[in-house]
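Each remark here refers to the structure printed beneath this line.
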Amino acid sequence: MNFAESKSSSTGVLQIEDKYFYNEEHGLPAIMELFDGHIGKNVLEIGSGTGAIADYLYRGGRSVVAVEPEAVLAKRVRERFSDNESVTVIEKDSVQAYKELKEQERKFDTVIYVSVLEHIADDSQEFKLAKDVLTPSGKILIFVPALPFLYSPIDANTGHVRRYTKKRFKKLIQEAELEIILLKFFETVGILPYLIVYKILRRQTITDSSTGLYNNVILPLSLFFYRLTRGRLVGKNLVLIAGKAK
């Protein structure tokens, strides 16, 4: 997820700033609704962060393999599911994890990236690796920041390599020989506040007040407009669902 947490290398204790994980803890039901009907029973999650999505999936009756390269976060996820056999953790980056899973001949009906792909430099390779572990009818589910003109200091500070466009996704999907099932914008209401606060005013941290505004106003309104327009309005995030070409 957003990797703007602070870590203590001497103690290995994650000092969590909850505001940096608002998409995980607070916006999660809304984000997962965007994937409604497309999440299978056997899920590979890339970039598990604090384990919120794994928990959501597990509570929905799914089996989850959570990949997390950050040692402190991986430890936190393992502790969160220490008595739960439905969630396992791989403490490696995605390339190493995919290699391990391929050697084990593991297959998944769902591979999910929520606020993660934008951190990965070689996103083209990522699609091809994900495809290799998909079942024939499996799907890749992705939620990422969109609209490159919004790229701001806070994007850089949180490790975002890029913000996405539909054009880029179409190119990546074609290169990986996959097909698009759904590709839509989300979070229409958030564009203007983000532009003003983070692009124009160049604020480099997420405050408690902005988190509250996002959770209580921007996200609910954006979800309302998404449902109303079926994702036809431009938004500051993109939702992609892709599968193997038939």
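Ligands are numbered from 1 in the order shown, chains are lettered A, B, ... in the order of the structure tokens, and residues start at 1 in each chain.
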DSSP helix (DSSP H, G or I) selection over region 43-120 of chain A, as a PyMOL selection string: chain A and resi 52-59+71-80+94-103+117-119
With only C-alpha atoms as the counted atoms, please give the residues lying no more than 7 Å from His119 (chain A), apart from itself and same-chain residues fewer than 5 positions off, as a PyMOL selection string. chain A and resi 159-161
Generate the output file for the selected residues, N, CA and C atoms, as a PDB file, in the first residue's frame.
ATOM      1  N   GLY A 159       6.687   7.231  -2.763  1.00  0.00           N
ATOM      2  CA  GLY A 159       7.275   6.216  -3.622  1.00  0.00           C
ATOM      3  C   GLY A 159       6.522   5.901  -4.889  1.00  0.00           C
ATOM      4  N   HIS A 160       5.679   6.820  -5.341  1.00  0.00           N
ATOM      5  CA  HIS A 160       4.953   6.587  -6.583  1.00  0.00           C
ATOM      6  C   HIS A 160       5.870   6.824  -7.779  1.00  0.00           C
ATOM      7  N   VAL A 161       6.030   5.824  -8.609  1.00  0.00           N
ATOM      8  CA  VAL A 161       6.812   5.964  -9.833  1.00  0.00           C
ATOM      9  C   VAL A 161       6.022   6.753 -10.871  1.00  0.00           C
TER      10      VAL A 161
END
Among region 81-245 of chain A, which ones does DSSP place in strand (DSSP E), written as a VMD selection string? chain A and resid 87 to 90 108 to 114 134 to 145 178 to 186 237 to 244
Would you mind listing what lies within 8 Å of region 32-35 of chain A as a PDB file with N, CA and C atoms, in the first residue's frame, with only C-alpha atoms counted and same-chain residues fewer than 3 positions away left out?
ATOM      1  N   LEU A  28     -11.501   0.973   2.468  1.00  0.00           N
ATOM      2  CA  LEU A  28     -11.467  -0.383   1.924  1.00  0.00           C
ATOM      3  C   LEU A  28     -12.812  -0.906   1.410  1.00  0.00           C
ATOM      4  N   PRO A  29     -13.913  -0.799   2.159  1.00  0.00           N
ATOM      5  CA  PRO A  29     -15.184  -1.320   1.635  1.00  0.00           C
ATOM      6  C   PRO A  29     -15.572  -0.693   0.297  1.00  0.00           C
ATOM      7  N   HIS A  38     -15.931 -10.040  -8.986  1.00  0.00           N
ATOM      8  CA  HIS A  38     -14.729 -10.469  -9.707  1.00  0.00           C
ATOM      9  C   HIS A  38     -13.658 -11.076  -8.799  1.00  0.00           C
ATOM     10  N   ILE A  39     -13.919 -11.174  -7.506  1.00  0.00           N
ATOM     11  CA  ILE A  39     -12.943 -11.729  -6.574  1.00  0.00           C
ATOM     12  C   ILE A  39     -13.238 -13.202  -6.355  1.00  0.00           C
ATOM     13  N   LEU A 141      -6.861  -7.752 -10.550  1.00  0.00           N
ATOM     14  CA  LEU A 141      -7.640  -6.599 -10.083  1.00  0.00           C
ATOM     15  C   LEU A 141      -6.665  -5.510  -9.627  1.00  0.00           C
ATOM     16  N   VAL A 239      -9.493   1.979 -12.005  1.00  0.00           N
ATOM     17  CA  VAL A 239      -9.800   0.607 -11.629  1.00  0.00           C
ATOM     18  C   VAL A 239      -9.662  -0.250 -12.882  1.00  0.00           C
ATOM     19  N   ILE A 241      -9.720  -4.315 -14.282  1.00  0.00           N
ATOM     20  CA  ILE A 241      -9.914  -5.755 -14.127  1.00  0.00           C
ATOM     21  C   ILE A 241      -9.555  -6.392 -15.460  1.00  0.00           C
TER      22      ILE A 241
END
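Closest approach to Lys92 (chain A) among A:Asp109, A:Glu79, A:Glu126, A:Glu70: A:Glu70, based on only C-alpha atoms.
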Using only C-alpha atoms, tabulate the residues of region 115-144 of chain A lying at most 12 Å from any atom of region 46-65 of chain A, each with its closest atom pair and that distance in Å to one decimal, by chain and increasing residue number, as a Markdown table.
| residue | atom | partner | partner_atom | distance |
| --- | --- | --- | --- | --- |
| A:Ser115 | CA | A:Gly47 | CA | 8.4 |
| A:Val116 | CA | A:Gly47 | CA | 6.1 |
| A:Leu117 | CA | A:Ile46 | CA | 8.7 |
| A:Glu118 | CA | A:Gly47 | CA | 11.2 |
| A:His119 | CA | A:Gly47 | CA | 9.7 |
| A:Ile120 | CA | A:Gly47 | CA | 10.4 |
| A:Glu126 | CA | A:Ile46 | CA | 10.3 |
| A:Phe127 | CA | A:Ile46 | CA | 11.8 |
| A:Leu129 | CA | A:Ile46 | CA | 11.6 |
| A:Ala130 | CA | A:Ile46 | CA | 9.7 |
| A:Ile140 | CA | A:Ile46 | CA | 10.8 |
| A:Leu141 | CA | A:Ile46 | CA | 10.5 |
| A:Ile142 | CA | A:Ile46 | CA | 10.2 |
| A:Phe143 | CA | A:Ile46 | CA | 11.8 |
Please dump the current selection as a compact mmCIF listing (two decimals), in the first residue's frame; keep N, CA and C atoms.
# COMPACT_ATOMS: atom_id res chain seq x y z
N SER A 115 -3.35 0.13 -4.67
CA SER A 115 -2.39 1.19 -4.36
C SER A 115 -0.98 0.64 -4.23
N VAL A 116 -0.61 -0.22 -5.17
CA VAL A 116 0.70 -0.88 -5.14
C VAL A 116 1.44 -0.76 -6.47
N LEU A 117 0.74 -0.96 -7.60
CA LEU A 117 1.42 -1.02 -8.89
C LEU A 117 2.18 0.26 -9.20
N GLU A 118 1.69 1.39 -8.69
CA GLU A 118 2.35 2.67 -8.95
C GLU A 118 3.72 2.76 -8.29
N HIS A 119 4.03 1.84 -7.37
CA HIS A 119 5.34 1.80 -6.71
C HIS A 119 6.35 0.95 -7.49
N ILE A 120 5.89 0.20 -8.50
CA ILE A 120 6.72 -0.78 -9.19
C ILE A 120 7.23 -0.21 -10.50
N GLU A 126 5.42 -6.97 -14.46
CA GLU A 126 4.49 -7.36 -13.40
C GLU A 126 3.24 -8.04 -13.97
N PHE A 127 2.73 -7.50 -15.06
CA PHE A 127 1.55 -8.10 -15.68
C PHE A 127 1.86 -9.51 -16.20
N LEU A 129 4.18 -11.59 -15.11
CA LEU A 129 4.37 -12.49 -13.98
C LEU A 129 3.04 -12.88 -13.35
N ALA A 130 2.15 -11.90 -13.23
CA ALA A 130 0.83 -12.18 -12.67
C ALA A 130 0.05 -13.15 -13.56
N ILE A 140 -6.93 -10.32 -12.83
CA ILE A 140 -6.05 -9.38 -12.15
C ILE A 140 -6.87 -8.14 -11.81
N LEU A 141 -6.86 -7.75 -10.55
CA LEU A 141 -7.64 -6.60 -10.08
C LEU A 141 -6.67 -5.51 -9.63
N ILE A 142 -6.84 -4.30 -10.16
CA ILE A 142 -5.88 -3.23 -9.88
C ILE A 142 -6.59 -1.92 -9.56
N PHE A 143 -6.09 -1.25 -8.53
CA PHE A 143 -6.55 0.09 -8.16
C PHE A 143 -5.32 0.96 -8.01
Polymer residues at most 7 Å from Leu44 (chain A), only C-alpha atoms, same-chain spacing of 5 or more positions, as a ChimeraX atom specification: /A:64-66,108,110-112
Dump of N, CA and C atoms for the selected residues, as a PDB file, in the first residue's frame:
ATOM      1  N   VAL A  64      -5.912 -16.523   1.186  1.00  0.00           N
ATOM      2  CA  VAL A  64      -5.068 -15.421   0.721  1.00  0.00           C
ATOM      3  C   VAL A  64      -3.587 -15.725   0.922  1.00  0.00           C
ATOM      4  N   VAL A  65      -2.806 -15.484  -0.122  1.00  0.00           N
ATOM      5  CA  VAL A  65      -1.350 -15.428  -0.006  1.00  0.00           C
ATOM      6  C   VAL A  65      -0.979 -13.961  -0.104  1.00  0.00           C
ATOM      7  N   ALA A  66      -0.428 -13.417   0.976  1.00  0.00           N
ATOM      8  CA  ALA A  66      -0.104 -11.991   1.046  1.00  0.00           C
ATOM      9  C   ALA A  66       1.389 -11.791   0.851  1.00  0.00           C
ATOM     10  N   PHE A 108      -3.762 -19.084  -8.967  1.00  0.00           N
ATOM     11  CA  PHE A 108      -4.739 -18.269  -8.253  1.00  0.00           C
ATOM     12  C   PHE A 108      -5.833 -17.822  -9.216  1.00  0.00           C
ATOM     13  N   THR A 110      -7.433 -15.079  -8.522  1.00  0.00           N
ATOM     14  CA  THR A 110      -7.418 -13.620  -8.381  1.00  0.00           C
ATOM     15  C   THR A 110      -6.035 -13.154  -7.950  1.00  0.00           C
ATOM     16  N   VAL A 111      -5.513 -12.151  -8.649  1.00  0.00           N
ATOM     17  CA  VAL A 111      -4.300 -11.455  -8.224  1.00  0.00           C
ATOM     18  C   VAL A 111      -4.688  -9.998  -8.047  1.00  0.00           C
ATOM     19  N   ILE A 112      -4.412  -9.446  -6.875  1.00  0.00           N
ATOM     20  CA  ILE A 112      -4.911  -8.102  -6.571  1.00  0.00           C
ATOM     21  C   ILE A 112      -3.790  -7.147  -6.172  1.00  0.00           C
TER      22      ILE A 112
END
List as an mmCIF file with C-alpha atoms, in the first residue's frame the protein and nucleic acid residues near Val189 (chain A), meaning an atom at most 9 Å away when only C-alpha atoms are counted, but skip any in the same chain fewer than 4 places from it.
data_model
loop_
_atom_site.group_PDB
_atom_site.id
_atom_site.type_symbol
_atom_site.label_atom_id
_atom_site.label_comp_id
_atom_site.auth_asym_id
_atom_site.auth_seq_id
_atom_site.Cartn_x
_atom_site.Cartn_y
_atom_site.Cartn_z
ATOM 1 C CA PRO A 193 -9.055 19.028 -3.635
ATOM 2 C CA VAL A 217 -17.109 13.417 2.163
ATOM 3 C CA ILE A 218 -14.924 12.718 -0.876
ATOM 4 C CA LEU A 219 -15.048 8.925 -0.847
ATOM 5 C CA LEU A 221 -19.655 11.180 -2.868
ATOM 6 C CA SER A 222 -17.241 9.633 -5.371
ATOM 7 C CA PHE A 225 -21.233 9.307 -8.665
ATOM 8 C CA GLY A 235 -11.476 10.459 -11.548
ATOM 9 C CA LYS A 236 -8.139 10.612 -9.769
#
Point-to-point distance in Å for CA of Glu103 (chain A) and CA of Val87 (chain A): 19.8 Å
What gap, in Å, lies between CA of Glu45 (chain A) and CA of Tyr194 (chain A)? 27.3 Å
Using only C-alpha atoms, determine which residues lie at most 7 Å from Ala245 (chain A), disregarding the query and same-chain residues fewer than 5 positions distant; provide the list as a PDB file with C-alpha atoms, in the first residue's frame.
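Result file follows (around.pdb):
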ATOM      1  CA  GLU A 177      -1.625 -10.773 -24.082  1.00  0.00           C
ATOM      2  CA  LEU A 178      -4.418 -10.228 -21.601  1.00  0.00           C
ATOM      3  CA  GLU A 179      -7.834  -8.681 -22.137  1.00  0.00           C
TER       4      GLU A 179
END
